[in-house]
Amino acid sequence: MKALDHADYSHSPAVTVSVVLIAAFLSACSNNSSGSSSITPEGTSEGIAYDGYLVNALVCIDRDLDKVCDPAEPSDTTAAGGAFELNDLTDAELLWPLVLETTNDTVDEDDGSNVGAGLKLTAPAGSQAISALSTIIQSRIETALAQGSTGTLATLKQQANLQLAQELGAGNINLTNYDPIATKTSGLADNVTRELAAKLHIVNQILIDQIAFLKPRAESRAPNNPRAAYGAVIKKLNAESVKARVDISLDVFAIEDRITATKDQIVGVLMPADPTIAEINLQADEDEAAEAAIRSRVNDDATGGTGTGGGTGTQ
């Protein structure tokens with residue numbers, strides 16, 4: 001897989017995502033030019049999932065935005081290197097977000113530990129990397145839609161990514177395609193690039209720990225609406241604050257030690273507060289509005305319409 005948009009660092013277990021996705025989207029655009037979605041599904045969405053690379057996790061196209069991999073939704077189980085591949089997707093399916101759910105068999109390749117069931121991550125349509133960072137980006141897209149943004153899904157994805165990348169000091173890195181694990185271990189990358197990758201990897205790991213801790217607590221407060229409970233948890237995450245603590249903890253070390261650092265060396269990171277019932281209720285309203293907005297854009301884009309969102313369907 002292409003680890004970075006701005007460099008050619010490869011991770012051997014993963015697949016060559018960019019070329020396949022570009023071809024799929026060009027095909028989708030061609031099919032959409034006739035004013036109707038593909039009769040024969042032919043799209044592909046593939047990439048990696050990581051805390052460390054997550055193996056034996058379920059990845060799916062979230063066609064109803066319920067943050068759950070339902071049996072009827074296209075899905076795959078991640079392989080070595082966290083690789084997933086969803087084939088034979090329709091034009092419309094290429095426009096829905098991705099969801100990852102860990103299972104009892106999910107393993108974190110960083111240390112070979114069993115992750116266990118219950119962790120959930122999301123990513124915008126077309127993402128080549130599923131992580132806590134992609135989850136925050138997808139949450140921000142949905143918030144913008146719920147608040148009445150008329151931007152296309154592709155534009156909102158770009159804006160949310162740029163905002164988070166700037167908060168993390170990551171420049172113009174596309175965090176929905178980014179593989180920090182491959183980058184920090186690459187023999188082709190310079191030390192500055194590897195150090196940033198190492199720090200972003202740790203930030204992602206800490207955010208995932210926070211999701212894993214807060215999610216069941218929020219769900220216990222809203223047992224009838226786990227989608228809103230989950231969304232409210234993601235709103236509590238502060239990636240910029242976590243990155244600041246990572247910098248403070250690691251910048252006292254030599255650069256070689258910063259590149260090989262682990263999350264256990266980070267001090268002073270505070271666990272976010274549990275979402276309140278009021279926040280979960282507000283999230284439920286946002287979820288409904290965001291679902292309606294995404295569904296409208298998917299219908300418009302996959303059938304060649306202009307509608308509110310317009311666009312070609314390219315994500």
# chains A, B, ... in the order shown; residues from 1 in each chain; ligands from 1
>>> residues_around(residues="A:Gln210", least_positions_apart="2", cutoff="8 Å", atoms="only C-alpha atoms", output="list in words")
Ile206, Leu207, Ile208, Ala212, Phe213, Leu214, Leu237, Met271 and Pro272 of chain A
>>> select_by_dssp(residues="stretch 8-203 of chain A", states="helix (DSSP H, G or I)", output="VMD selection string")
chain A and resid 17 to 32 80 to 82 93 to 95 132 to 146 153 to 167 180 to 184 191 to 203
>>> residues_around(residues="A:Asp66", least_positions_apart="5", cutoff="9 Å", atoms="only C-alpha atoms", output="PyMOL selection string")
chain A and resi 226-227+287+291
>>> write_last_selection(atoms="C-alpha atoms", output="PDB file, in the first residue's frame")
ATOM      1  CA  PRO A 226     -25.626   3.038  20.670  1.00  0.00           C
ATOM      2  CA  ARG A 227     -25.046   5.029  17.466  1.00  0.00           C
ATOM      3  CA  ASP A 287     -27.040  11.542  13.348  1.00  0.00           C
ATOM      4  CA  GLU A 291     -27.813  10.394   7.538  1.00  0.00           C
TER       5      GLU A 291
END
>>> residues_around(residues="A:Gly116", least_positions_apart="6", cutoff="9 Å", atoms="only C-alpha atoms", output="list in words")
Thr102, Thr103, Asn104, Asp105, Thr106 and Val107 of chain A
>>> write_last_selection(atoms="N, CA and C atoms", output="PDB file, in the first residue's frame")
ATOM      1  N   THR A 102     -14.056  -4.599  15.750  1.00  0.00           N
ATOM      2  CA  THR A 102     -13.209  -5.695  16.187  1.00  0.00           C
ATOM      3  C   THR A 102     -14.065  -6.866  16.649  1.00  0.00           C
ATOM      4  N   THR A 103     -13.484  -8.061  16.591  1.00  0.00           N
ATOM      5  CA  THR A 103     -14.170  -9.286  16.992  1.00  0.00           C
ATOM      6  C   THR A 103     -13.365  -9.956  18.104  1.00  0.00           C
ATOM      7  N   ASN A 104     -13.873 -11.065  18.576  1.00  0.00           N
ATOM      8  CA  ASN A 104     -13.135 -11.805  19.606  1.00  0.00           C
ATOM      9  C   ASN A 104     -11.794 -12.319  19.102  1.00  0.00           C
ATOM     10  N   ASP A 105     -11.645 -12.370  17.782  1.00  0.00           N
ATOM     11  CA  ASP A 105     -10.410 -12.884  17.191  1.00  0.00           C
ATOM     12  C   ASP A 105      -9.465 -11.787  16.706  1.00  0.00           C
ATOM     13  N   THR A 106      -9.831 -10.520  16.900  1.00  0.00           N
ATOM     14  CA  THR A 106      -8.994  -9.434  16.394  1.00  0.00           C
ATOM     15  C   THR A 106      -7.689  -9.331  17.181  1.00  0.00           C
ATOM     16  N   VAL A 107      -6.590  -9.218  16.433  1.00  0.00           N
ATOM     17  CA  VAL A 107      -5.251  -9.142  17.018  1.00  0.00           C
ATOM     18  C   VAL A 107      -4.573  -7.849  16.579  1.00  0.00           C
TER      19      VAL A 107
END
>>> atom_distance(atom1="atom CA of A:Asp88", atom2="atom CA of A:Thr44")
6.3 Å
>>> select_by_dssp(residues="stretch 34-97 of chain A", states="strand (DSSP E or B)", output="list in words")
Gly43, Thr44, Ser45, Glu46, Gly47, Ile48, Ala49, Tyr50, Tyr53, Leu54, Val55, Leu58, Val59, Cys60, Ile61, Ser75, Asp76, Thr77, Ala83, Phe84, Glu85, Leu86, Asn87, Asp88 and Leu89 of chain A
>>> closest_residue(among="A:Glu195, A:Glu279, A:Glu256, A:Glu167", to="A:Ala244", atoms="only C-alpha atoms")
A:Glu167
>>> closest_residue(among="A:Asp62, A:Glu93, A:Asp301, A:Glu46", to="A:Thr176", atoms="only C-alpha atoms")
A:Glu46
>>> residues_around(residues="stretch 157-162 of chain A", least_positions_apart="4", cutoff="8 Å", atoms="only C-alpha atoms", output="number ranges by chain")
A: 124, 137-138, 140-141, 153, 166, 172-176, 315
>>> residues_around(residues="A:Val269", least_positions_apart="6", cutoff="9 Å", atoms="only C-alpha atoms", output="JSON list (two decimals) with N, CA and C atoms, in the first residue's frame")
[["chain", "number", "residue", "atom", "x", "y", "z"],
["A", 206, "ILE", "N", -3.38, 6.30, 21.42],
["A", 206, "ILE", "CA", -3.97, 6.87, 22.63],
["A", 206, "ILE", "C", -5.45, 7.18, 22.40],
["A", 241, "SER", "N", -4.77, 18.05, 21.62],
["A", 241, "SER", "CA", -4.25, 17.99, 22.98],
["A", 241, "SER", "C", -3.36, 16.76, 23.19],
["A", 242, "VAL", "N", -3.80, 15.62, 22.64],
["A", 242, "VAL", "CA", -2.99, 14.41, 22.75],
["A", 242, "VAL", "C", -1.64, 14.60, 22.07],
["A", 245, "ARG", "N", 0.76, 16.53, 24.18],
["A", 245, "ARG", "CA", 1.37, 15.74, 25.24],
["A", 245, "ARG", "C", 2.43, 14.79, 24.69],
["A", 246, "VAL", "N", 2.20, 14.26, 23.51],
["A", 246, "VAL", "CA", 3.20, 13.40, 22.87],
["A", 246, "VAL", "C", 4.47, 14.20, 22.61]]
>>> closest_residue(among="A:Ala125, A:Ala72, A:Leu100, A:Asp91", to="A:Val59", atoms="only C-alpha atoms")
A:Leu100
>>> residues_around(residues="stretch 231-235 of chain A", least_positions_apart="5", cutoff="6 Å", atoms="only C-alpha atoms", output="list of chain:residue names")
A:Pro275, A:Ile280, A:Gln283
>>> atom_distance(atom1="atom CA of A:Leu133", atom2="atom CA of A:Ala254")
26.3 Å
>>> closest_residue(among="A:Ala222, A:Ala189, A:Ala170, A:Ile202", to="A:Asn281", atoms="only C-alpha atoms")
A:Ala222
>>> atom_distance(atom1="atom CA of A:Gly82", atom2="atom CA of A:Ile130")
9.3 Å
